[in-house]
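J.: My structure file final09.pdb, PDB, N, CA and C atoms, is below:
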```
ATOM      1  N   MET A   1      30.144 -43.136 183.437
ATOM      2  CA  MET A   1      30.601 -44.475 183.163
ATOM      3  C   MET A   1      32.114 -44.485 182.947
ATOM      4  N   VAL A   2      32.647 -43.435 182.370
ATOM      5  CA  VAL A   2      34.091 -43.359 182.152
ATOM      6  C   VAL A   2      34.822 -43.345 183.493
ATOM      7  N   ILE A   3      34.267 -42.617 184.456
ATOM      8  CA  ILE A   3      34.869 -42.570 185.796
ATOM      9  C   ILE A   3      34.874 -43.965 186.413
ATOM     10  N   ALA A   4      33.752 -44.657 186.290
ATOM     11  CA  ALA A   4      33.633 -45.994 186.872
ATOM     12  C   ALA A   4      34.632 -46.961 186.244
ATOM     13  N   LEU A   5      34.774 -46.913 184.931
ATOM     14  CA  LEU A   5      35.721 -47.813 184.271
ATOM     15  C   LEU A   5      37.164 -47.422 184.539
ATOM     16  N   ALA A   6      37.422 -46.125 184.594
ATOM     17  CA  ALA A   6      38.798 -45.661 184.829
ATOM     18  C   ALA A   6      39.310 -46.093 186.196
ATOM     19  N   PHE A   7      38.426 -46.153 187.174
ATOM     20  CA  PHE A   7      38.838 -46.578 188.514
ATOM     21  C   PHE A   7      38.492 -48.036 188.798
ATOM     22  N   GLY A   8      37.417 -48.541 188.204
ATOM     23  CA  GLY A   8      36.950 -49.884 188.492
ATOM     24  C   GLY A   8      37.829 -50.982 187.921
ATOM     25  N   VAL A   9      38.280 -50.805 186.682
ATOM     26  CA  VAL A   9      39.108 -51.839 186.041
ATOM     27  C   VAL A   9      40.454 -51.996 186.756
ATOM     28  N   PRO A  10      41.199 -50.908 187.019
ATOM     29  CA  PRO A  10      42.449 -51.100 187.778
ATOM     30  C   PRO A  10      42.224 -51.669 189.183
ATOM     31  N   ALA A  11      41.121 -51.272 189.826
ATOM     32  CA  ALA A  11      40.827 -51.815 191.160
ATOM     33  C   ALA A  11      40.575 -53.318 191.084
ATOM     34  N   ALA A  12      39.834 -53.754 190.066
ATOM     35  CA  ALA A  12      39.570 -55.187 189.903
ATOM     36  C   ALA A  12      40.854 -55.949 189.592
ATOM     37  N   LEU A  13      41.703 -55.379 188.754
ATOM     38  CA  LEU A  13      42.983 -56.021 188.452
ATOM     39  C   LEU A  13      43.849 -56.133 189.704
ATOM     40  N   ALA A  14      43.840 -55.094 190.523
ATOM     41  CA  ALA A  14      44.617 -55.137 191.767
ATOM     42  C   ALA A  14      44.074 -56.197 192.715
ATOM     43  N   LEU A  15      42.746 -56.291 192.807
ATOM     44  CA  LEU A  15      42.155 -57.296 193.697
ATOM     45  C   LEU A  15      42.423 -58.718 193.202
ATOM     46  N   GLU A  16      42.448 -58.900 191.905
ATOM     47  CA  GLU A  16      42.614 -60.241 191.339
ATOM     48  C   GLU A  16      44.078 -60.674 191.307
ATOM     49  N   ARG A  17      44.969 -59.776 190.928
ATOM     50  CA  ARG A  17      46.332 -60.190 190.611
ATOM     51  C   ARG A  17      47.385 -59.811 191.638
ATOM     52  N   ALA A  18      47.116 -58.823 192.475
ATOM     53  CA  ALA A  18      48.159 -58.312 193.374
ATOM     54  C   ALA A  18      47.893 -58.729 194.820
ATOM     55  N   GLU A  19      48.958 -58.844 195.549
ATOM     56  CA  GLU A  19      48.883 -59.068 196.995
ATOM     57  C   GLU A  19      49.438 -57.816 197.662
ATOM     58  N   PHE A  20      48.663 -57.222 198.538
ATOM     59  CA  PHE A  20      49.107 -56.018 199.224
ATOM     60  C   PHE A  20      48.431 -55.948 200.591
ATOM     61  N   PRO A  21      49.074 -55.247 201.534
ATOM     62  CA  PRO A  21      48.471 -55.119 202.857
ATOM     63  C   PRO A  21      47.172 -54.322 202.771
ATOM     64  N   GLY A  22      46.171 -54.768 203.471
ATOM     65  CA  GLY A  22      44.886 -54.087 203.457
ATOM     66  C   GLY A  22      43.984 -54.481 202.306
ATOM     67  N   LYS A  23      44.310 -55.586 201.641
ATOM     68  CA  LYS A  23      43.519 -56.021 200.488
ATOM     69  C   LYS A  23      42.080 -56.347 200.886
ATOM     70  N   ALA A  24      41.897 -56.993 202.022
ATOM     71  CA  ALA A  24      40.549 -57.337 202.475
ATOM     72  C   ALA A  24      39.742 -56.080 202.806
ATOM     73  N   LEU A  25      40.391 -55.104 203.423
ATOM     74  CA  LEU A  25      39.714 -53.844 203.730
ATOM     75  C   LEU A  25      39.343 -53.109 202.448
ATOM     76  N   PHE A  26      40.253 -53.087 201.486
ATOM     77  CA  PHE A  26      39.985 -52.436 200.208
ATOM     78  C   PHE A  26      38.799 -53.086 199.498
ATOM     79  N   ARG A  27      38.756 -54.409 199.550
ATOM     80  CA  ARG A  27      37.650 -55.132 198.919
ATOM     81  C   ARG A  27      36.315 -54.770 199.581
ATOM     82  N   ARG A  28      36.314 -54.660 200.904
ATOM     83  CA  ARG A  28      35.090 -54.277 201.620
ATOM     84  C   ARG A  28      34.675 -52.854 201.298
ATOM     85  N   LEU A  29      35.648 -51.954 201.179
ATOM     86  CA  LEU A  29      35.327 -50.566 200.839
ATOM     87  C   LEU A  29      34.751 -50.450 199.432
ATOM     88  N   VAL A  30      35.243 -51.280 198.523
ATOM     89  CA  VAL A  30      34.714 -51.271 197.157
ATOM     90  C   VAL A  30      33.273 -51.759 197.147
ATOM     91  N   LEU A  31      32.960 -52.730 197.975
ATOM     92  CA  LEU A  31      31.609 -53.283 198.022
ATOM     93  C   LEU A  31      30.630 -52.435 198.825
ATOM     94  N   LEU A  32      31.141 -51.495 199.592
ATOM     95  CA  LEU A  32      30.287 -50.703 200.474
ATOM     96  C   LEU A  32      29.139 -49.993 199.743
ATOM     97  N   PRO A  33      29.362 -49.337 198.610
ATOM     98  CA  PRO A  33      28.220 -48.696 197.926
ATOM     99  C   PRO A  33      27.158 -49.686 197.454
ATOM    100  N   LEU A  34      27.518 -50.929 197.227
ATOM    101  CA  LEU A  34      26.526 -51.928 196.838
ATOM    102  C   LEU A  34      25.715 -52.409 198.038
ATOM    103  N   ILE A  35      26.348 -52.437 199.190
ATOM    104  CA  ILE A  35      25.695 -52.930 200.393
ATOM    105  C   ILE A  35      24.775 -51.870 200.998
ATOM    106  N   LEU A  36      25.275 -50.641 201.041
ATOM    107  CA  LEU A  36      24.484 -49.549 201.614
ATOM    108  C   LEU A  36      23.370 -49.147 200.654
ATOM    109  N   PRO A  37      22.243 -48.726 201.197
ATOM    110  CA  PRO A  37      21.206 -48.186 200.311
ATOM    111  C   PRO A  37      21.723 -46.924 199.600
ATOM    112  N   GLY A  38      21.248 -46.706 198.403
ATOM    113  CA  GLY A  38      21.705 -45.571 197.610
ATOM    114  C   GLY A  38      21.469 -44.233 198.280
ATOM    115  N   ILE A  39      20.417 -44.134 199.076
ATOM    116  CA  ILE A  39      20.125 -42.866 199.745
ATOM    117  C   ILE A  39      21.215 -42.504 200.741
ATOM    118  N   ILE A  40      21.778 -43.504 201.405
ATOM    119  CA  ILE A  40      22.852 -43.239 202.373
ATOM    120  C   ILE A  40      24.110 -42.790 201.648
ATOM    121  N   THR A  41      24.430 -43.438 200.546
ATOM    122  CA  THR A  41      25.589 -43.032 199.766
ATOM    123  C   THR A  41      25.396 -41.619 199.222
ATOM    124  N   GLY A  42      24.210 -41.342 198.715
ATOM    125  CA  GLY A  42      23.933 -40.006 198.185
ATOM    126  C   GLY A  42      24.011 -38.933 199.251
ATOM    127  N   LEU A  43      23.438 -39.197 200.422
ATOM    128  CA  LEU A  43      23.509 -38.224 201.513
ATOM    129  C   LEU A  43      24.944 -38.027 201.995
ATOM    130  N   SER A  44      25.710 -39.089 202.005
ATOM    131  CA  SER A  44      27.119 -38.980 202.409
ATOM    132  C   SER A  44      27.890 -38.093 201.443
ATOM    133  N   LEU A  45      27.651 -38.276 200.164
ATOM    134  CA  LEU A  45      28.324 -37.433 199.174
ATOM    135  C   LEU A  45      27.849 -35.985 199.273
ATOM    136  N   LEU A  46      26.556 -35.787 199.504
ATOM    137  CA  LEU A  46      26.027 -34.437 199.672
ATOM    138  C   LEU A  46      26.680 -33.748 200.866
ATOM    139  N   MET A  47      26.817 -34.475 201.969
ATOM    140  CA  MET A  47      27.474 -33.913 203.152
ATOM    141  C   MET A  47      28.940 -33.603 202.865
ATOM    142  N   LEU A  48      29.614 -34.471 202.104
ATOM    143  CA  LEU A  48      31.005 -34.227 201.742
ATOM    144  C   LEU A  48      31.127 -32.971 200.875
ATOM    145  N   PHE A  49      30.241 -32.838 199.891
ATOM    146  CA  PHE A  49      30.286 -31.655 199.024
ATOM    147  C   PHE A  49      30.010 -30.386 199.829
ATOM    148  N   ASN A  50      29.064 -30.448 200.771
ATOM    149  CA  ASN A  50      28.776 -29.278 201.608
ATOM    150  C   ASN A  50      29.943 -28.954 202.526
ATOM    151  N   LEU A  51      30.585 -29.975 203.069
ATOM    152  CA  LEU A  51      31.716 -29.784 203.972
ATOM    153  C   LEU A  51      32.892 -29.126 203.256
ATOM    154  N   THR A  52      33.124 -29.536 202.022
ATOM    155  CA  THR A  52      34.250 -28.982 201.263
ATOM    156  C   THR A  52      33.886 -27.683 200.552
ATOM    157  N   GLY A  53      32.623 -27.278 200.624
ATOM    158  CA  GLY A  53      32.212 -26.033 199.991
ATOM    159  C   GLY A  53      32.025 -26.149 198.486
ATOM    160  N   THR A  54      31.863 -27.361 197.999
ATOM    161  CA  THR A  54      31.663 -27.580 196.570
ATOM    162  C   THR A  54      30.235 -27.212 196.196
ATOM    163  N   LYS A  55      30.103 -26.355 195.181
ATOM    164  CA  LYS A  55      28.776 -25.956 194.723
ATOM    165  C   LYS A  55      28.125 -27.120 193.982
ATOM    166  N   LEU A  56      26.881 -27.413 194.306
ATOM    167  CA  LEU A  56      26.166 -28.509 193.656
ATOM    168  C   LEU A  56      25.903 -28.145 192.195
ATOM    169  N   SER A  57      26.257 -29.064 191.313
ATOM    170  CA  SER A  57      26.121 -28.820 189.876
ATOM    171  C   SER A  57      26.029 -30.161 189.160
ATOM    172  N   LEU A  58      26.056 -30.084 187.858
ATOM    173  CA  LEU A  58      26.052 -31.307 187.054
ATOM    174  C   LEU A  58      27.302 -32.144 187.346
ATOM    175  N   LEU A  59      28.403 -31.471 187.615
ATOM    176  CA  LEU A  59      29.647 -32.189 187.928
ATOM    177  C   LEU A  59      29.492 -33.028 189.198
ATOM    178  N   THR A  60      28.842 -32.498 190.218
ATOM    179  CA  THR A  60      28.663 -33.274 191.450
ATOM    180  C   THR A  60      27.727 -34.457 191.225
ATOM    181  N   ILE A  61      26.757 -34.295 190.341
ATOM    182  CA  ILE A  61      25.871 -35.424 190.004
ATOM    183  C   ILE A  61      26.660 -36.504 189.276
ATOM    184  N   ILE A  62      27.508 -36.096 188.332
ATOM    185  CA  ILE A  62      28.337 -37.058 187.600
ATOM    186  C   ILE A  62      29.280 -37.779 188.555
ATOM    187  N   LEU A  63      29.888 -37.038 189.478
ATOM    188  CA  LEU A  63      30.778 -37.668 190.463
ATOM    189  C   LEU A  63      30.014 -38.637 191.363
ATOM    190  N   GLY A  64      28.807 -38.280 191.742
ATOM    191  CA  GLY A  64      27.988 -39.166 192.566
ATOM    192  C   GLY A  64      27.662 -40.467 191.861
ATOM    193  N   HIS A  65      27.252 -40.355 190.609
ATOM    194  CA  HIS A  65      26.957 -41.568 189.842
ATOM    195  C   HIS A  65      28.229 -42.377 189.596
ATOM    196  N   GLY A  66      29.309 -41.672 189.332
ATOM    197  CA  GLY A  66      30.580 -42.363 189.100
ATOM    198  C   GLY A  66      31.035 -43.162 190.299
ATOM    199  N   THR A  67      30.898 -42.571 191.488
ATOM    200  CA  THR A  67      31.324 -43.303 192.688
ATOM    201  C   THR A  67      30.431 -44.509 192.944
ATOM    202  N   ALA A  68      29.145 -44.381 192.637
ATOM    203  CA  ALA A  68      28.245 -45.527 192.810
ATOM    204  C   ALA A  68      28.567 -46.627 191.806
ATOM    205  N   LEU A  69      28.941 -46.248 190.598
ATOM    206  CA  LEU A  69      29.201 -47.239 189.557
ATOM    207  C   LEU A  69      30.599 -47.852 189.631
ATOM    208  N   ILE A  70      31.510 -47.211 190.358
ATOM    209  CA  ILE A  70      32.854 -47.784 190.496
ATOM    210  C   ILE A  70      32.773 -49.173 191.126
ATOM    211  N   SER A  71      31.959 -49.311 192.151
ATOM    212  CA  SER A  71      31.855 -50.612 192.814
ATOM    213  C   SER A  71      31.214 -51.645 191.891
ATOM    214  N   VAL A  72      30.246 -51.221 191.086
ATOM    215  CA  VAL A  72      29.621 -52.149 190.129
ATOM    216  C   VAL A  72      30.646 -52.597 189.090
ATOM    217  N   ALA A  73      31.384 -51.639 188.536
ATOM    218  CA  ALA A  73      32.398 -51.982 187.527
ATOM    219  C   ALA A  73      33.469 -52.884 188.121
ATOM    220  N   THR A  74      33.905 -52.570 189.330
ATOM    221  CA  THR A  74      34.950 -53.374 189.972
ATOM    222  C   THR A  74      34.486 -54.806 190.201
ATOM    223  N   THR A  75      33.295 -54.985 190.738
ATOM    224  CA  THR A  75      32.826 -56.341 191.016
ATOM    225  C   THR A  75      32.571 -57.128 189.736
ATOM    226  N   GLU A  76      32.058 -56.474 188.705
ATOM    227  CA  GLU A  76      31.809 -57.170 187.436
ATOM    228  C   GLU A  76      33.114 -57.588 186.765
ATOM    229  N   VAL A  77      34.080 -56.692 186.715
ATOM    230  CA  VAL A  77      35.371 -57.032 186.095
ATOM    231  C   VAL A  77      36.090 -58.080 186.926
ATOM    232  N   PHE A  78      36.028 -57.963 188.253
ATOM    233  CA  PHE A  78      36.660 -58.947 189.142
ATOM    234  C   PHE A  78      36.066 -60.337 188.914
ATOM    235  N   ALA A  79      34.742 -60.410 188.825
ATOM    236  CA  ALA A  79      34.083 -61.702 188.576
ATOM    237  C   ALA A  79      34.482 -62.258 187.215
ATOM    238  N   GLY A  80      34.557 -61.385 186.216
ATOM    239  CA  GLY A  80      34.981 -61.833 184.888
ATOM    240  C   GLY A  80      36.406 -62.350 184.878
ATOM    241  N   LEU A  81      37.291 -61.691 185.621
ATOM    242  CA  LEU A  81      38.678 -62.147 185.702
ATOM    243  C   LEU A  81      38.778 -63.497 186.395
ATOM    244  N   GLN A  82      37.965 -63.715 187.425
ATOM    245  CA  GLN A  82      37.986 -65.010 188.106
ATOM    246  C   GLN A  82      37.492 -66.121 187.185
ATOM    247  N   LYS A  83      36.455 -65.847 186.404
ATOM    248  CA  LYS A  83      35.965 -66.845 185.444
ATOM    249  C   LYS A  83      37.016 -67.116 184.378
ATOM    250  N   LEU A  84      37.682 -66.068 183.931
ATOM    251  CA  LEU A  84      38.719 -66.224 182.918
ATOM    252  C   LEU A  84      39.868 -67.078 183.438
ATOM    253  N   ASP A  85      40.279 -66.850 184.682
ATOM    254  CA  ASP A  85      41.347 -67.652 185.273
ATOM    255  C   ASP A  85      40.937 -69.108 185.420
ATOM    256  N   ALA A  86      39.677 -69.343 185.796
ATOM    257  CA  ALA A  86      39.195 -70.722 185.924
ATOM    258  C   ALA A  86      39.187 -71.416 184.566
ATOM    259  N   ARG A  87      38.738 -70.706 183.533
ATOM    260  CA  ARG A  87      38.748 -71.291 182.181
ATOM    261  C   ARG A  87      40.160 -71.565 181.707
ATOM    262  N   ARG A  88      41.075 -70.637 182.025
ATOM    263  CA  ARG A  88      42.474 -70.819 181.612
ATOM    264  C   ARG A  88      43.071 -72.048 182.284
ATOM    265  N   LYS A  89      42.763 -72.265 183.556
ATOM    266  CA  LYS A  89      43.275 -73.446 184.265
ATOM    267  C   LYS A  89      42.705 -74.731 183.677
ATOM    268  N   ARG A  90      41.393 -74.719 183.350
ATOM    269  CA  ARG A  90      40.788 -75.904 182.734
ATOM    270  C   ARG A  90      41.409 -76.185 181.376
ATOM    271  N   LEU A  91      41.649 -75.138 180.601
ATOM    272  CA  LEU A  91      42.250 -75.304 179.282
ATOM    273  C   LEU A  91      43.665 -75.860 179.399
ATOM    274  N   ARG A  92      44.431 -75.348 180.374
ATOM    275  CA  ARG A  92      45.790 -75.869 180.577
ATOM    276  C   ARG A  92      45.777 -77.352 180.923
ATOM    277  N   SER A  93      44.862 -77.756 181.814
ATOM    278  CA  SER A  93      44.838 -79.160 182.209
ATOM    279  C   SER A  93      44.381 -80.042 181.048
ATOM    280  N   THR A  94      43.444 -79.525 180.238
ATOM    281  CA  THR A  94      42.998 -80.290 179.068
ATOM    282  C   THR A  94      44.152 -80.476 178.084
ATOM    283  N   TRP A  95      44.883 -79.384 177.807
ATOM    284  CA  TRP A  95      46.018 -79.496 176.881
ATOM    285  C   TRP A  95      47.100 -80.397 177.449
ATOM    286  N   ALA A  96      47.322 -80.343 178.755
ATOM    287  CA  ALA A  96      48.326 -81.213 179.367
ATOM    288  C   ALA A  96      47.936 -82.676 179.208
ATOM    289  N   GLN A  97      46.639 -82.979 179.340
ATOM    290  CA  GLN A  97      46.175 -84.354 179.155
ATOM    291  C   GLN A  97      46.346 -84.786 177.705
ATOM    292  N   ILE A  98      46.007 -83.911 176.767
ATOM    293  CA  ILE A  98      46.132 -84.247 175.339
ATOM    294  C   ILE A  98      47.593 -84.470 174.977
ATOM    295  N   ILE A  99      48.462 -83.581 175.409
ATOM    296  CA  ILE A  99      49.888 -83.710 175.100
ATOM    297  C   ILE A  99      50.468 -84.937 175.783
ATOM    298  N   GLY A 100      50.036 -85.201 177.024
ATOM    299  CA  GLY A 100      50.521 -86.375 177.755
ATOM    300  C   GLY A 100      50.127 -87.668 177.069
ATOM    301  N   LYS A 101      48.917 -87.743 176.530
ATOM    302  CA  LYS A 101      48.467 -88.953 175.843
ATOM    303  C   LYS A 101      49.238 -89.165 174.554
ATOM    304  N   ARG A 102      49.481 -88.074 173.840
ATOM    305  CA  ARG A 102      50.201 -88.202 172.562
ATOM    306  C   ARG A 102      51.659 -88.575 172.769
ATOM    307  N   SER A 103      52.306 -87.944 173.744
ATOM    308  CA  SER A 103      53.721 -88.240 173.932
ATOM    309  C   SER A 103      53.925 -89.603 174.594
ATOM    310  N   GLY A 104      52.994 -90.018 175.423
ATOM    311  CA  GLY A 104      53.121 -91.295 176.109
ATOM    312  C   GLY A 104      52.767 -92.477 175.227
ATOM    313  N   GLY A 105      51.934 -92.273 174.232
ATOM    314  CA  GLY A 105      51.467 -93.382 173.418
ATOM    315  C   GLY A 105      52.222 -93.591 172.122
ATOM    316  N   SER A 106      53.079 -92.677 171.775
ATOM    317  CA  SER A 106      53.784 -92.820 170.496
ATOM    318  C   SER A 106      55.205 -93.277 170.730
ATOM    319  N   HIS A 107      55.441 -94.556 170.466
ATOM    320  CA  HIS A 107      56.789 -95.112 170.607
ATOM    321  C   HIS A 107      57.258 -95.563 169.230
ATOM    322  N   CYS A 108      58.489 -95.274 168.931
ATOM    323  CA  CYS A 108      59.054 -95.706 167.649
ATOM    324  C   CYS A 108      59.629 -97.100 167.827
ATOM    325  N   ARG A 109      59.255 -97.974 166.923
ATOM    326  CA  ARG A 109      59.792 -99.338 166.983
ATOM    327  C   ARG A 109      60.792 -99.508 165.849
ATOM    328  N   THR A 110      61.873-100.142 166.154
ATOM    329  CA  THR A 110      62.883-100.370 165.118
ATOM    330  C   THR A 110      63.062-101.830 164.844
TER     331      THR A 110
END
```
What do you get writing this file as structure tokens?

T.:
Amino acid sequence: MVIALAFGVPAALALERAEFPGKALFRRLVLLPLILPGIITGLSLLMLFNLTGTKLSLLTIILGHGTALISVATTEVFAGLQKLDARRKRLRSTWAQIIGKRSGGSHCRT
């Protein structure tokens, strides 16, 4: 879970707040583990570990789970940031209406 949060939160912040070339491709790559069945992702990681000569161990299991959870963490944080931005915009417009009514309706008479 630490791996997922360490990579997922910055990825979500980048998707929400930054503009960069390849943003759409990056977003699709983040969603890929959610779209593909878990068996395909697991076999892909197994093939990668075998190709690089990495001995299968608890560490490879943790890395496998971490890579699967990165996309979950990224999408959840991204969705939360979008909701937060929508609430912030609604709050700004509400305060603007309240301030506008108060400043527009209070005239000093002499």

J.: Can you list what the PyMOL selection byres (((chain A and resi 16 and name CA) around 10) and name CA) grabs from this structure, as a PyMOL selection string?

T.: chain A and resi 10-15+17-19+77-79+81-82+85

J.: Can you measure atom CA of Met1 of chain A to atom N of His65 of chain A for me? One decimal in Å is fine.

T.: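 Going from atom CA of Met1 of chain A over to atom N of His65 of chain A covers 9.1 Å.
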
J.: Quick one: pull the distance between atom CA of Leu69 of chain A and atom N of Ala4 of chain A, Å, one decimal.

T.: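 Result for atom CA of Leu69 of chain A versus atom N of Ala4 of chain A: 6.2 Å, one decimal.
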
J.: Determine, counting all atoms listed in the file, which protein, DNA and RNA residues have an atom within 8 Å of an atom of Gly66 of chain A; residues of the same chain fewer than 3 positions away are not included. Present the result as a short mmCIF file (atom, residue, chain, number, x, y, z; two decimals) with N, CA and C atoms, in the coordinates of the input.

T.:
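The result, written out as result.cif:
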```
data_model
loop_
_atom_site.label_atom_id
_atom_site.label_comp_id
_atom_site.auth_asym_id
_atom_site.auth_seq_id
_atom_site.Cartn_x
_atom_site.Cartn_y
_atom_site.Cartn_z
N MET A 1 30.14 -43.14 183.44
CA MET A 1 30.60 -44.48 183.16
C MET A 1 32.11 -44.48 182.95
N VAL A 2 32.65 -43.44 182.37
CA VAL A 2 34.09 -43.36 182.15
C VAL A 2 34.82 -43.34 183.49
N ILE A 3 34.27 -42.62 184.46
CA ILE A 3 34.87 -42.57 185.80
C ILE A 3 34.87 -43.96 186.41
N ALA A 4 33.75 -44.66 186.29
CA ALA A 4 33.63 -45.99 186.87
C ALA A 4 34.63 -46.96 186.24
N LEU A 5 34.77 -46.91 184.93
CA LEU A 5 35.72 -47.81 184.27
C LEU A 5 37.16 -47.42 184.54
N THR A 60 28.84 -32.50 190.22
CA THR A 60 28.66 -33.27 191.45
C THR A 60 27.73 -34.46 191.22
N ILE A 61 26.76 -34.30 190.34
CA ILE A 61 25.87 -35.42 190.00
C ILE A 61 26.66 -36.50 189.28
N ILE A 62 27.51 -36.10 188.33
CA ILE A 62 28.34 -37.06 187.60
C ILE A 62 29.28 -37.78 188.56
N LEU A 63 29.89 -37.04 189.48
CA LEU A 63 30.78 -37.67 190.46
C LEU A 63 30.01 -38.64 191.36
N LEU A 69 28.94 -46.25 190.60
CA LEU A 69 29.20 -47.24 189.56
C LEU A 69 30.60 -47.85 189.63
N ILE A 70 31.51 -47.21 190.36
CA ILE A 70 32.85 -47.78 190.50
C ILE A 70 32.77 -49.17 191.13
N SER A 71 31.96 -49.31 192.15
CA SER A 71 31.86 -50.61 192.81
C SER A 71 31.21 -51.64 191.89
#
```

J.: Check what the PyMOL selection byres (((chain A and resi 34 and name CA) around 10) and name CA) selects in the file above and give those residues as a list in words.

T.: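 Checked against the file, the PyMOL selection byres (((chain A and resi 34 and name CA) around 10) and name CA) matches Leu29, Val30, Leu31, Leu32, Pro33, Ile35, Leu36, Pro37, Gly38, Thr41, Ala68, Leu69, Ile70, Ser71, Val72 and Thr75 of chain A.
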
J.: Which value, in Å to one decimal, gives the distance between atom CA of Thr74 of chain A and atom CA of Leu48 of chain A?

T.: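 Atom CA of Leu48 of chain A lies 22.8 Å from atom CA of Thr74 of chain A.
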
J.: I'd like to know which residues of chain A are helix (DSSP H, G or I) (by DSSP, run on the backbone); could you write them as a PyMOL selection string?

T.: chain A and resi 2-17+23-35+38-52+58-105

J.: How would segment 2-8 of chain A read, as a tab-separated table (two decimals), in the frame of the given file, once all heavy atoms are built in?

T.:
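Okay, part-v6.tsv is ready:
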```tsv
chain	number	residue	atom	x	y	z
A	2	VAL	N	32.65	-43.44	182.37
A	2	VAL	CA	34.09	-43.36	182.15
A	2	VAL	C	34.82	-43.34	183.49
A	2	VAL	O	35.85	-44.02	183.66
A	2	VAL	CB	34.44	-42.10	181.32
A	2	VAL	CG1	35.93	-41.91	181.22
A	2	VAL	CG2	33.82	-42.20	179.93
A	3	ILE	N	34.27	-42.62	184.46
A	3	ILE	CA	34.87	-42.57	185.80
A	3	ILE	C	34.87	-43.96	186.41
A	3	ILE	O	35.88	-44.41	186.97
A	3	ILE	CB	34.10	-41.59	186.71
A	3	ILE	CG1	34.22	-40.17	186.20
A	3	ILE	CG2	34.59	-41.67	188.15
A	3	ILE	CD1	33.30	-39.20	186.88
A	4	ALA	N	33.75	-44.66	186.29
A	4	ALA	CA	33.63	-45.99	186.87
A	4	ALA	C	34.63	-46.96	186.24
A	4	ALA	O	35.27	-47.75	186.95
A	4	ALA	CB	32.21	-46.51	186.70
A	5	LEU	N	34.77	-46.91	184.93
A	5	LEU	CA	35.72	-47.81	184.27
A	5	LEU	C	37.16	-47.42	184.54
A	5	LEU	O	38.02	-48.28	184.70
A	5	LEU	CB	35.45	-47.84	182.77
A	5	LEU	CG	34.15	-48.52	182.35
A	5	LEU	CD1	33.94	-48.38	180.85
A	5	LEU	CD2	34.14	-49.97	182.76
A	6	ALA	N	37.42	-46.12	184.59
A	6	ALA	CA	38.80	-45.66	184.83
A	6	ALA	C	39.31	-46.09	186.20
A	6	ALA	O	40.50	-46.36	186.36
A	6	ALA	CB	38.86	-44.15	184.69
A	7	PHE	N	38.43	-46.15	187.17
A	7	PHE	CA	38.84	-46.58	188.51
A	7	PHE	C	38.49	-48.04	188.80
A	7	PHE	O	39.19	-48.70	189.55
A	7	PHE	CB	38.19	-45.68	189.58
A	7	PHE	CG	38.75	-44.30	189.63
A	7	PHE	CD1	38.10	-43.25	189.01
A	7	PHE	CD2	39.95	-44.05	190.27
A	7	PHE	CE1	38.62	-41.97	189.05
A	7	PHE	CE2	40.48	-42.78	190.31
A	7	PHE	CZ	39.82	-41.73	189.70
A	8	GLY	N	37.42	-48.54	188.20
A	8	GLY	CA	36.95	-49.88	188.49
A	8	GLY	C	37.83	-50.98	187.92
A	8	GLY	O	38.10	-51.98	188.58
```
